[in-house]
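Below you'll find the structure, written out as structure tokens, and then a few comments.
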2 protein chains.
Amino acid sequence: MSIQQRRERERAERHRLIVDAARDLAETEGWEAVTTRRLAERVEYSQPVLYSHFKGKDAIVSAVAIQGCGDLAQTLAEARDAHRDPVSALRAVAEAYLNFARTRPALYDAMFVQRTDIPFGTPESPPELKAAFGAFVSVVQPLAGNRDLETLTEVLWSALHGLATLTGSDRLRPDHHNTRLDLLLNGLLP
Amino acid sequence: MSIQQRRERERAERHRLIVDAARDLAETEGWEAVTTRRLAERVEYSQPVLYSHFKGKDAIVSAVAIQGCGDLAQTLAEARDAHRDPVSALRAVAEAYLNFARTRPALYDAMFVQRTDIPFGTPESPPELKAAFGAFVSVVQPLAGNRDLETLTEVLWSALHGLATLTGSDRLRPDHHNTRLDLLLNGLLP
DNA sequence: TCGGTTGTCTAGCGGTGCTAGCCTCGGGCC
DNA sequence: GGCCCGAGGCTAGCACCGCTAGACAACCGA
């Protein structure tokens with residue numbers, strides 16, 4: 001069985017290599033530069049090899065997105081754990097989220113903008129996704145009062161997502177960034 | 001000069017025809033179905049004719065987006081003018097906005113999701129865009145208190161945009177739609 | 001050593017946005 | 001009235017895209 005094990009190990013390694021290459025390429029040159037040809041060149045295999053790992057290009061993007069959710073979850077959890085005061089923790093998590101979207105726009109795009117078949121908001125959601133949403137839930141919880149926790153968290157996330165995407169596509173005035181976040185948090189979770 | 005006038009008139013008419021065809025095609029089959037070949041076929045001209053009217057495909061999408069902003073501005077204004085009470089007017093405008101995004105997803109996508117070079121939030125913004133934003137401003141104004149009107153409007157718009165895009169891409173739980181809007185409006189503009 | 005399977009590659013299909021260069025048609029001038 | 005010439009539309013094609021059929025090599029088990 002050792003030979004098969006080695007093969008599976010190599011296969012898993014190559015799988016990871018493809019996802020990493022796709023993420024790197026997207027983050028440095030944008031998703032429009034991520035073509036199956038360039039990707040194949042990066043991993044030093046021919047195009048069809050990609051299709052033995054993934055059903056198609058969309059599946060590669062999805063894999064990158066899920067990996068990104070893991071990154072985001074960790075980032076948010078760290079921001080949360082650096083503060084004891086609930087209001088400070090909320091603010092820190094919100095800022096960390098917007099910072100993630102600003103510094104890794106391509107990754108953010110794959111996670112929350114592009115069409116995907118990753119299931120959101122269901123028990124079947126990938127654990128990385130649940131972890132990221134859970135980080136939001138944990139900072140909203142102390143401030144939710146008698147409002148429904150999960151729904152309120154969805155509202156907060158949606159509002160931050162709106163700020164992130166509209167800011168990132170230059171549809172909001174570039175100054176006033178902090179003022180907008182103040183207004184949002186003071187209104188929604190005072 | 002009459003001949004030149006006729007030519008310019010025909011040219012303007014064909015310009016309109018292209019934009020309308022692009023919008024129709026996008027709304028019925030999605031933007032991925034809007035190719036220069038299919039568009040040319042629809043307007044019964046060859047591909048290069050498109051490029052004598054627009055710099056490229058992106059410019060056609062932008063034209064559709066600006067036209068869509070005009071539609072949206074009108075929709076929002078009508079919703080606003082149907083209510084005298086400021087809170088009701090705000091609610092109506094917010095619902096009209098989300099309804100627009102839900103019923104015309106491709107148009108909404110061109111306006112507020114896809115990359116574009118339309119200038120947002122500046123004096124050079126197209127009048128259709130200013131009109132749409134102005135409709136929001138006018139319903140926020142009575143409820144803004146001493147907060148900065150324009151910035152607060154940006155926050156409201158961003159939050160609604162977040163709800164619209166995450167709902168439209170199945171990233172929020174499909175029920176709870178009204179609850180989310182309640183939570184947002186009660187928090188932001190009570 | 002051989003047979004067969006497993007896995008990778010080359011080549012190509014039908015599509016994309018975009019453009020070079022030909023050619024026709026019609027208005028303006030003699 | 002007839003000719004010339006330029007505006008403007010067309011055909012054809014470029015380089016690229018996602019994806020796949022089928023040839024071929026390498027390696028494992030008997």
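Numbering starts fresh at 1 for the residues of each chain in the structure tokens, the chains themselves are lettered A, B, ... in the order given, and ligands are numbered from 1 as they appear.
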
Checklist line | Within 7 Å of chain A: residues of chain B, using only C-alpha atoms, as a list in words | finding: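 Written out as asked, the residues are Arg115, Phe120, Gly121, Thr151, Leu152, Val155, Ser158, Ala159, His161, Gly162, Leu163, Leu166, Ser169, Asp170, Arg171, Leu172, Arg173, Arg180, Leu183, Leu184, Gly187 and Leu188 of chain B.
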
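Within 12 Å of chain B, and using only C-alpha atoms (C1' of nucleotides), the residues found on chain D are DA7, DG8, DG9, DC10 and DT11 of chain D.
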
Next item on the list: Could you please select, counting only C-alpha atoms (C1' of nucleotides), the residues of chain C within 9 Å of chain B and state them as a list in words?
Entry: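 So the contacting residues turn out to be DT16, DG17, DC18 and DT19 of chain C.
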
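CA of Arg16 (chain A) lies 9.5 Å from CA of Ala63 (chain A).
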
Next item on the list: Identify which of the residues D:DA23, D:DA30, D:DC5, D:DC14 lies closest to DG28 (chain C), counting only C-alpha atoms (C1' of nucleotides) when measuring atom-to-atom distances.
Entry: D:DC5
